[in-house]
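Below is the file my_file.cif, which contains mmCIF, C-alpha atoms.
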data_my_file
loop_
_atom_site.label_atom_id
_atom_site.label_comp_id
_atom_site.auth_asym_id
_atom_site.auth_seq_id
_atom_site.Cartn_x
_atom_site.Cartn_y
_atom_site.Cartn_z
CA MET A 1 -35.11 -8.71 9.31
CA SER A 2 -38.88 -9.06 9.63
CA THR A 3 -40.35 -12.54 9.93
CA SER A 4 -44.03 -11.57 10.00
CA GLY A 5 -45.00 -13.55 6.92
CA PRO A 6 -43.77 -15.47 3.85
CA PHE A 7 -44.25 -12.44 1.57
CA THR A 8 -42.43 -9.94 3.77
CA ALA A 9 -39.43 -8.44 2.00
CA PRO A 10 -36.11 -8.54 3.85
CA GLU A 11 -34.49 -5.34 4.96
CA ALA A 12 -32.48 -3.61 2.25
CA THR A 13 -28.74 -4.12 2.34
CA SER A 14 -26.90 -0.99 3.41
CA LEU A 15 -23.44 0.24 4.35
CA PRO A 16 -22.61 2.90 6.94
CA ILE A 17 -21.11 6.21 5.86
CA ILE A 18 -18.28 7.53 8.00
CA GLY A 19 -19.28 10.68 9.86
CA SER A 20 -22.94 10.45 8.90
CA ALA A 21 -26.09 9.01 10.44
CA GLU A 22 -27.29 8.16 6.93
CA ARG A 23 -26.59 4.85 5.21
CA PHE A 24 -25.89 3.86 1.61
CA TYR A 25 -28.62 1.46 0.45
CA VAL A 26 -27.21 -1.03 -2.03
CA HIS A 27 -29.08 -1.49 -5.30
CA ARG A 28 -26.78 -3.66 -7.43
CA VAL A 29 -23.19 -4.87 -7.21
CA TYR A 30 -20.96 -5.02 -10.29
CA CYS A 31 -17.36 -6.23 -10.32
CA VAL A 32 -14.56 -5.65 -12.82
CA GLY A 33 -12.42 -8.63 -13.77
CA ARG A 34 -8.65 -8.53 -14.32
CA ASN A 35 -8.18 -4.80 -13.83
CA TYR A 36 -4.57 -5.01 -12.61
CA ALA A 37 -1.97 -6.27 -15.08
CA ASP A 38 -0.04 -8.27 -12.49
CA HIS A 39 -3.19 -10.05 -11.32
CA ALA A 40 -4.27 -10.79 -14.89
CA ARG A 41 -0.89 -12.40 -15.51
CA GLU A 42 -0.97 -14.47 -12.31
CA MET A 43 -4.33 -15.85 -13.46
CA GLY A 44 -2.82 -16.82 -16.82
CA ASN A 45 -4.28 -14.01 -18.93
CA ASP A 46 -2.87 -11.27 -21.14
CA PRO A 47 -3.86 -7.86 -19.72
CA ASP A 48 -3.18 -6.07 -22.99
CA ARG A 49 -5.78 -7.92 -25.04
CA GLU A 50 -9.18 -7.14 -23.56
CA ALA A 51 -11.50 -4.30 -22.64
CA PRO A 52 -12.97 -4.32 -19.12
CA PHE A 53 -15.51 -7.05 -18.43
CA PHE A 54 -18.00 -7.32 -15.61
CA PHE A 55 -19.74 -9.83 -13.41
CA ALA A 56 -22.22 -9.32 -10.57
CA LYS A 57 -22.84 -10.24 -6.97
CA PRO A 58 -26.23 -10.15 -5.25
CA ALA A 59 -26.74 -6.95 -3.27
CA ASP A 60 -27.01 -8.89 -0.01
CA ALA A 61 -23.62 -10.55 -0.54
CA VAL A 62 -22.21 -7.20 0.61
CA PHE A 63 -22.11 -6.32 4.29
CA ALA A 64 -20.22 -4.02 6.64
CA VAL A 65 -17.78 -6.40 8.27
CA ASP A 66 -17.47 -4.14 11.35
CA GLU A 67 -21.20 -4.65 11.95
CA GLY A 68 -21.69 -8.26 10.89
CA VAL A 69 -25.17 -9.40 9.87
CA PRO A 70 -27.17 -9.88 13.07
CA ALA A 71 -30.26 -11.09 11.19
CA TYR A 72 -28.25 -14.13 10.03
CA SER A 73 -26.13 -14.58 13.17
CA VAL A 74 -22.94 -13.32 11.52
CA ALA A 75 -20.94 -11.63 14.26
CA PRO A 76 -18.93 -8.45 13.65
CA HIS A 77 -15.48 -9.06 12.15
CA THR A 78 -16.35 -12.57 11.01
CA VAL A 79 -17.02 -14.16 7.62
CA PRO A 80 -18.61 -17.62 7.42
CA PHE A 81 -16.70 -20.14 5.35
CA PRO A 82 -19.01 -21.00 2.43
CA SER A 83 -20.32 -24.42 1.52
CA GLU A 84 -19.29 -26.40 -1.58
CA THR A 85 -15.69 -25.23 -1.76
CA ASP A 86 -12.26 -26.35 -0.66
CA ASN A 87 -10.47 -23.32 -2.11
CA LEU A 88 -11.76 -19.94 -0.93
CA HIS A 89 -9.76 -16.97 -2.24
CA TYR A 90 -9.56 -13.31 -1.18
CA GLU A 91 -9.38 -10.37 -3.60
CA MET A 92 -9.04 -6.90 -2.04
CA GLU A 93 -10.64 -4.10 -4.09
CA LEU A 94 -11.57 -0.43 -4.20
CA VAL A 95 -15.36 -0.14 -4.07
CA VAL A 96 -17.10 2.77 -5.81
CA ALA A 97 -20.51 3.96 -4.59
CA ILE A 98 -22.74 5.49 -7.26
CA GLY A 99 -24.93 8.35 -6.09
CA VAL A 100 -26.11 9.78 -9.40
CA GLY A 101 -27.43 7.47 -12.09
CA GLY A 102 -26.96 7.63 -15.82
CA ALA A 103 -26.33 5.74 -19.05
CA ASP A 104 -23.61 6.23 -21.66
CA ILE A 105 -21.62 8.31 -19.21
CA ALA A 106 -18.51 9.98 -20.61
CA ALA A 107 -15.31 9.19 -18.74
CA ALA A 108 -14.72 12.92 -18.30
CA ASP A 109 -18.02 13.20 -16.40
CA ALA A 110 -17.92 9.87 -14.57
CA LEU A 111 -16.65 11.05 -11.19
CA THR A 112 -19.64 13.39 -10.80
CA HIS A 113 -21.71 10.19 -10.42
CA VAL A 114 -19.63 8.90 -7.49
CA VAL A 115 -20.81 9.64 -3.95
CA GLY A 116 -18.19 7.70 -2.02
CA TYR A 117 -15.62 4.94 -1.77
CA GLY A 118 -14.82 1.93 0.37
CA GLY A 119 -12.73 -1.19 0.44
CA GLY A 120 -14.15 -4.64 -0.10
CA VAL A 121 -12.98 -8.22 -0.42
CA ASP A 122 -14.36 -10.14 -3.38
CA LEU A 123 -14.40 -13.65 -1.93
CA THR A 124 -14.26 -16.36 -4.57
CA ARG A 125 -14.85 -20.11 -4.57
CA ARG A 126 -11.85 -20.62 -6.84
CA ASP A 127 -12.37 -24.33 -7.34
CA LEU A 128 -15.95 -23.77 -8.51
CA GLN A 129 -14.81 -20.94 -10.78
CA ASN A 130 -12.05 -23.01 -12.35
CA ALA A 131 -14.40 -25.95 -12.95
CA ALA A 132 -17.02 -23.69 -14.52
CA LYS A 133 -14.43 -22.08 -16.79
CA ALA A 134 -13.17 -25.48 -17.91
CA LEU A 135 -16.71 -26.50 -18.85
CA ARG A 136 -17.52 -23.09 -20.36
CA ARG A 137 -20.35 -22.65 -17.89
CA PRO A 138 -21.35 -19.50 -15.96
CA TRP A 139 -19.43 -19.00 -12.72
CA ASP A 140 -22.03 -16.98 -10.84
CA LEU A 141 -21.97 -19.24 -7.78
CA SER A 142 -18.22 -18.92 -7.46
CA LYS A 143 -18.64 -15.18 -6.85
CA GLY A 144 -22.22 -14.56 -5.78
CA PHE A 145 -22.62 -16.59 -2.60
CA ASP A 146 -23.73 -15.51 0.88
CA PHE A 147 -21.47 -12.99 2.63
CA SER A 148 -18.99 -12.93 -0.26
CA GLY A 149 -18.46 -9.16 -0.17
CA PRO A 150 -17.26 -7.96 3.26
CA CYS A 151 -16.70 -4.21 3.11
CA THR A 152 -15.50 -1.23 5.08
CA ALA A 153 -17.78 1.65 5.86
CA LEU A 154 -17.96 4.13 3.00
CA VAL A 155 -16.20 7.47 3.03
CA ALA A 156 -17.84 10.34 1.15
CA ALA A 157 -16.11 11.61 -1.97
CA SER A 158 -16.62 15.10 -0.58
CA GLU A 159 -14.26 14.10 2.25
CA VAL A 160 -11.68 11.90 0.53
CA GLY A 161 -11.81 13.19 -3.04
CA HIS A 162 -11.39 10.65 -5.84
CA PRO A 163 -8.36 8.48 -5.04
CA ALA A 164 -6.43 7.60 -8.18
CA SER A 165 -3.25 6.55 -6.37
CA ALA A 166 -3.18 4.87 -2.97
CA ARG A 167 -1.74 1.71 -1.43
CA ILE A 168 -4.12 -1.27 -1.51
CA TRP A 169 -3.09 -4.23 0.63
CA LEU A 170 -4.20 -7.44 2.32
CA ASN A 171 -2.60 -9.57 5.03
CA VAL A 172 -3.45 -13.11 6.09
CA ASP A 173 -2.37 -14.14 9.58
CA GLY A 174 -0.04 -11.15 9.70
CA VAL A 175 1.69 -11.88 6.39
CA THR A 176 1.29 -9.45 3.50
CA HIS A 177 -0.01 -11.15 0.35
CA GLN A 178 -1.39 -8.23 -1.68
CA ASP A 179 0.45 -4.92 -1.84
CA GLY A 180 -0.38 -2.73 -4.82
CA ASP A 181 -1.47 0.76 -5.80
CA LEU A 182 -4.70 2.05 -7.30
CA ALA A 183 -2.55 3.77 -9.92
CA ASP A 184 -1.78 0.31 -11.34
CA GLN A 185 -5.36 -0.24 -12.52
CA ILE A 186 -5.57 -0.94 -16.24
CA TRP A 187 -8.91 0.86 -16.36
CA PRO A 188 -9.18 3.65 -13.75
CA VAL A 189 -12.51 4.45 -12.13
CA PRO A 190 -13.76 6.97 -14.74
CA ASP A 191 -13.13 4.47 -17.54
CA VAL A 192 -14.79 1.66 -15.59
CA ILE A 193 -17.92 3.75 -15.01
CA ALA A 194 -18.04 4.83 -18.65
CA ALA A 195 -17.68 1.25 -19.89
CA LEU A 196 -20.27 -0.22 -17.50
CA SER A 197 -22.78 2.53 -18.24
CA ARG A 198 -22.84 1.49 -21.90
CA PHE A 199 -24.28 -1.87 -20.86
CA VAL A 200 -26.63 -0.81 -18.03
CA ALA A 201 -28.07 2.45 -16.81
CA LEU A 202 -26.37 3.01 -13.49
CA ARG A 203 -28.63 3.81 -10.54
CA PRO A 204 -28.10 5.44 -7.17
CA GLY A 205 -27.12 2.65 -4.80
CA ASP A 206 -25.01 0.71 -7.30
CA LEU A 207 -21.61 -0.47 -6.10
CA ILE A 208 -18.66 -1.25 -8.35
CA PHE A 209 -15.79 -3.47 -7.17
CA THR A 210 -12.89 -2.30 -9.34
CA GLY A 211 -10.55 -5.29 -9.44
CA THR A 212 -7.68 -6.65 -7.38
CA PRO A 213 -3.89 -6.54 -7.52
CA ALA A 214 -1.69 -9.64 -7.61
CA GLY A 215 -1.26 -11.90 -4.63
CA VAL A 216 -4.67 -13.54 -4.39
CA GLY A 217 -4.72 -16.78 -2.48
CA ARG A 218 -6.45 -19.20 -0.17
CA ILE A 219 -8.03 -18.63 3.23
CA GLY A 220 -9.93 -21.04 5.42
CA PRO A 221 -11.57 -21.41 8.82
CA GLY A 222 -9.37 -19.72 11.40
CA SER A 223 -7.67 -17.34 8.93
CA ALA A 224 -7.29 -13.77 10.18
CA VAL A 225 -7.56 -11.21 7.38
CA THR A 226 -6.66 -7.52 7.60
CA ALA A 227 -6.82 -5.27 4.56
CA GLY A 228 -7.19 -1.69 3.51
CA ILE A 229 -6.75 1.17 1.11
CA ASP A 230 -4.75 4.13 2.39
CA GLY A 231 -7.03 7.13 2.92
CA VAL A 232 -10.18 5.12 2.27
CA GLY A 233 -10.56 2.50 5.00
CA ASP A 234 -9.42 -0.71 6.66
CA LEU A 235 -11.19 -3.93 7.55
CA ALA A 236 -10.45 -7.02 9.60
CA PHE A 237 -12.18 -10.37 9.94
CA HIS A 238 -11.75 -13.99 10.92
CA VAL A 239 -13.06 -16.79 8.76
CA VAL A 240 -15.32 -19.02 10.85
#

Can I see the file as structure tokens?
Amino acid sequence: MSTSGPFTAPEATSLPIIGSAERFYVHRVYCVGRNYADHAREMGNDPDREAPFFFAKPADAVFAVDEGVPAYSVAPHTVPFPSETDNLHYEMELVVAIGVGGADIAAADALTHVVGYGGGVDLTRRDLQNAAKALRRPWDLSKGFDFSGPCTALVAASEVGHPASARIWLNVDGVTHQDGDLADQIWPVPDVIAALSRFVALRPGDLIFTGTPAGVGRIGPGSAVTAGIDGVGDLAFHVV
């Protein structure tokens, strides 16, 4: 990151692409809420009563956990424990990388807009989120804080295809807490893209976190997290 002056823009956030010298430069980050029925139920909601809904993270909340963020002294395979929370939760998700933009995209055409996939953990300050919900206030800061989106490298869709069924899992300190399948999504990737593109025109560089299966829970300083999606990628980090 350049420090030559107060008006110097930071370097753009990017993720590596497996097998390529090129990188995926992140434009925006959208996340789907409650996209697995079992997770919706564990959070006290009825998965049969709502269309997909979305929230956002800042682009620079995302980082390749294998690389860390040297500009901010975040070492590889580490995630800093955030301030202002006593209840940090993990949520392992399939991440969709948009390579071709568009608005009002038909579900039948949606996968032609996808350039690749990865795995990412949507870290959540659950106590802040619960308090904001109780007061009917926005919960942006429960989701959109620094380093709240550790990700794998991306794998090109031309290499992996478009995974509709694959194991998605997360372990904490060697114990499996999330163990689901992409096939259990209420709204699969084409439907998610179609729905989101009715609200915003998608752009190359957009990332979509597509929701998490049941088993979310707390991590803290010292926790060792391993997670992955079969055929897409794995990640590992310690909370520091």

Quick one, how far is CA of Phe145 (chain A) from CA of Gly68 (chain A)?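 CA of Gly68 (chain A) lies 15.9 Å from CA of Phe145 (chain A).
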
Using the chain letters and numbers from the file, give me the residues hit by the PyMOL selection byres ((chain A and resi 200) around 12), as a ChimeraX atom specification. /A:28,30,54,101-105,193-199,201-203,206

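Each of A:Phe55, A:Tyr36, A:Phe63, A:Tyr90 was checked against Ala12 (chain A) using all atoms listed in the file; the smallest atom-to-atom distance is that of A:Phe63.
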
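Computed from the coordinates, the CA of Glu67 (chain A) to CA of Val79 (chain A) distance equals 11.3 Å.
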
Evaluate the PyMOL selection byres ((chain A and resi 128-143) around 10) against this structure - the residues, as a list in words, please. Cys31, Phe55, Ala56, Lys57, Pro58, Ala61, Glu84, Thr85, Asp86, Asn87, Leu88, Asp122, Leu123, Thr124, Arg125, Arg126, Asp127, Gly144, Phe145, Asp146, Ser148 and Gly149 of chain A

Shell around His238 (chain A) at 8 Å using all atoms listed in the file, local window under 6 positions removed, as an MDAnalysis selection string: chainID A and resid 77:79 221:225

From CA of Pro190 (chain A) to CA of Thr112 (chain A) the spacing works out at 9.6 Å

Apply the PyMOL selection byres ((chain A and resi 217) around 9) to the file shown and report the selected residues as a PyMOL selection string. chain A and resi 87-91+177+215-216+218-219

Restricted to C-alpha atoms, what would the selected residues look like written as a PDB file, in the coordinates of the input?
ATOM      1  CA  ASN A  87     -10.470 -23.320  -2.110  1.00  0.00           C
ATOM      2  CA  LEU A  88     -11.760 -19.940  -0.930  1.00  0.00           C
ATOM      3  CA  HIS A  89      -9.760 -16.970  -2.240  1.00  0.00           C
ATOM      4  CA  TYR A  90      -9.560 -13.310  -1.180  1.00  0.00           C
ATOM      5  CA  GLU A  91      -9.380 -10.370  -3.600  1.00  0.00           C
ATOM      6  CA  HIS A 177      -0.010 -11.150   0.350  1.00  0.00           C
ATOM      7  CA  GLY A 215      -1.260 -11.900  -4.630  1.00  0.00           C
ATOM      8  CA  VAL A 216      -4.670 -13.540  -4.390  1.00  0.00           C
ATOM      9  CA  ARG A 218      -6.450 -19.200  -0.170  1.00  0.00           C
ATOM     10  CA  ILE A 219      -8.030 -18.630   3.230  1.00  0.00           C
TER      11      ILE A 219
END

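When all atoms listed in the file are used to compute distances to Ala236 (chain A), the closest of the residues A:Gly33, A:Pro150, A:Gly205, A:Pro16 turns out to be A:Pro150.
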
Can you work out which one of A:Tyr117, A:Phe24, A:Phe147, A:Phe209 has the shortest atom-to-atom distance to Pro82 (chain A), counting all atoms listed in the file?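 With all atoms listed in the file as the atom set, the closest residue is A:Phe147.
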
Closest of A:Ala59, A:Ala71, A:Leu15, A:Val189 to Ala153 (chain A) - atom-to-atom distances counting only C-alpha atoms: A:Leu15

So, counting all atoms listed in the file, which residue among A:Thr210, A:Thr8, A:Ser158, A:Asn171 is closest to Asp191 (chain A)?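 Answer, going by the shortest atom-to-atom distance: A:Thr210.
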
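Among the candidates A:Val239, A:Val95, A:Leu182, A:Ala51, the residue lying nearest to Ala166 (chain A) is A:Leu182 (atoms considered: only C-alpha atoms).
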
Neighbouring residues of region 226-232 of chain A were defined as those with any atom within 10 Å, considering only C-alpha atoms; residues of the same chain fewer than 2 positions away were excluded. Please report them as an MDAnalysis selection string. chainID A and resid 91:95 116:121 151:157 159:163 165:182 223:224 234:238

Mind completing region 157-181 of chain A with N, CA and C atoms? Output as an mmCIF file, in the frame of the given file, please?
data_model
loop_
_atom_site.group_PDB
_atom_site.id
_atom_site.type_symbol
_atom_site.label_atom_id
_atom_site.label_comp_id
_atom_site.auth_asym_id
_atom_site.auth_seq_id
_atom_site.Cartn_x
_atom_site.Cartn_y
_atom_site.Cartn_z
ATOM 1 N N ALA A 157 -17.060 11.002 -1.034
ATOM 2 C CA ALA A 157 -16.110 11.610 -1.970
ATOM 3 C C ALA A 157 -15.843 13.063 -1.610
ATOM 4 N N SER A 158 -16.820 13.715 -0.996
ATOM 5 C CA SER A 158 -16.620 15.100 -0.580
ATOM 6 C C SER A 158 -15.552 15.223 0.502
ATOM 7 N N GLU A 159 -15.277 14.099 1.207
ATOM 8 C CA GLU A 159 -14.260 14.100 2.250
ATOM 9 C C GLU A 159 -12.912 13.604 1.750
ATOM 10 N N VAL A 160 -12.929 12.561 0.922
ATOM 11 C CA VAL A 160 -11.680 11.900 0.530
ATOM 12 C C VAL A 160 -11.233 12.268 -0.880
ATOM 13 N N GLY A 161 -12.119 12.935 -1.643
ATOM 14 C CA GLY A 161 -11.810 13.190 -3.040
ATOM 15 C C GLY A 161 -12.019 11.936 -3.864
ATOM 16 N N HIS A 162 -11.275 11.810 -4.960
ATOM 17 C CA HIS A 162 -11.390 10.650 -5.840
ATOM 18 C C HIS A 162 -10.007 10.016 -5.966
ATOM 19 N N PRO A 163 -9.723 9.034 -5.093
ATOM 20 C CA PRO A 163 -8.360 8.480 -5.040
ATOM 21 C C PRO A 163 -7.971 7.748 -6.315
ATOM 22 N N ALA A 164 -6.947 8.244 -6.972
ATOM 23 C CA ALA A 164 -6.430 7.600 -8.180
ATOM 24 C C ALA A 164 -5.132 6.866 -7.894
ATOM 25 N N SER A 165 -4.490 7.205 -6.770
ATOM 26 C CA SER A 165 -3.250 6.550 -6.370
ATOM 27 C C SER A 165 -3.270 6.392 -4.858
ATOM 28 N N ALA A 166 -3.213 5.158 -4.400
ATOM 29 C CA ALA A 166 -3.180 4.870 -2.970
ATOM 30 C C ALA A 166 -2.803 3.402 -2.796
ATOM 31 N N ARG A 167 -2.121 3.104 -1.708
ATOM 32 C CA ARG A 167 -1.740 1.710 -1.430
ATOM 33 C C ARG A 167 -2.991 0.891 -1.152
ATOM 34 N N ILE A 168 -3.070 -0.297 -1.761
ATOM 35 C CA ILE A 168 -4.120 -1.270 -1.510
ATOM 36 C C ILE A 168 -3.437 -2.562 -1.096
ATOM 37 N N TRP A 169 -3.867 -3.136 0.038
ATOM 38 C CA TRP A 169 -3.090 -4.230 0.630
ATOM 39 C C TRP A 169 -4.012 -5.208 1.337
ATOM 40 N N LEU A 170 -3.485 -6.420 1.558
ATOM 41 C CA LEU A 170 -4.200 -7.440 2.320
ATOM 42 C C LEU A 170 -3.200 -8.375 2.966
ATOM 43 N N ASN A 171 -3.422 -8.643 4.254
ATOM 44 C CA ASN A 171 -2.600 -9.570 5.030
ATOM 45 C C ASN A 171 -3.443 -10.755 5.465
ATOM 46 N N VAL A 172 -2.834 -11.923 5.519
ATOM 47 C CA VAL A 172 -3.450 -13.110 6.090
ATOM 48 C C VAL A 172 -2.551 -13.611 7.211
ATOM 49 N N ASP A 173 -3.114 -13.696 8.403
ATOM 50 C CA ASP A 173 -2.370 -14.140 9.580
ATOM 51 C C ASP A 173 -1.079 -13.344 9.751
ATOM 52 N N GLY A 174 -1.171 -12.036 9.490
ATOM 53 C CA GLY A 174 -0.040 -11.150 9.700
ATOM 54 C C GLY A 174 0.971 -11.089 8.581
ATOM 55 N N VAL A 175 0.758 -11.852 7.525
ATOM 56 C CA VAL A 175 1.690 -11.880 6.390
ATOM 57 C C VAL A 175 1.057 -11.152 5.205
ATOM 58 N N THR A 176 1.803 -10.213 4.628
ATOM 59 C CA THR A 176 1.290 -9.450 3.500
ATOM 60 C C THR A 176 1.289 -10.305 2.236
ATOM 61 N N HIS A 177 0.118 -10.381 1.589
ATOM 62 C CA HIS A 177 -0.010 -11.150 0.350
ATOM 63 C C HIS A 177 -0.353 -10.251 -0.843
ATOM 64 N N GLN A 178 -1.094 -9.199 -0.619
ATOM 65 C CA GLN A 178 -1.390 -8.230 -1.680
ATOM 66 C C GLN A 178 -0.844 -6.881 -1.250
ATOM 67 N N ASP A 179 -0.139 -6.220 -2.144
ATOM 68 C CA ASP A 179 0.450 -4.920 -1.840
ATOM 69 C C ASP A 179 0.622 -4.178 -3.162
ATOM 70 N N GLY A 180 -0.392 -3.410 -3.532
ATOM 71 C CA GLY A 180 -0.380 -2.730 -4.820
ATOM 72 C C GLY A 180 -0.766 -1.270 -4.670
ATOM 73 N N ASP A 181 -1.087 -0.658 -5.783
ATOM 74 C CA ASP A 181 -1.470 0.760 -5.800
ATOM 75 C C ASP A 181 -2.619 0.942 -6.779
#
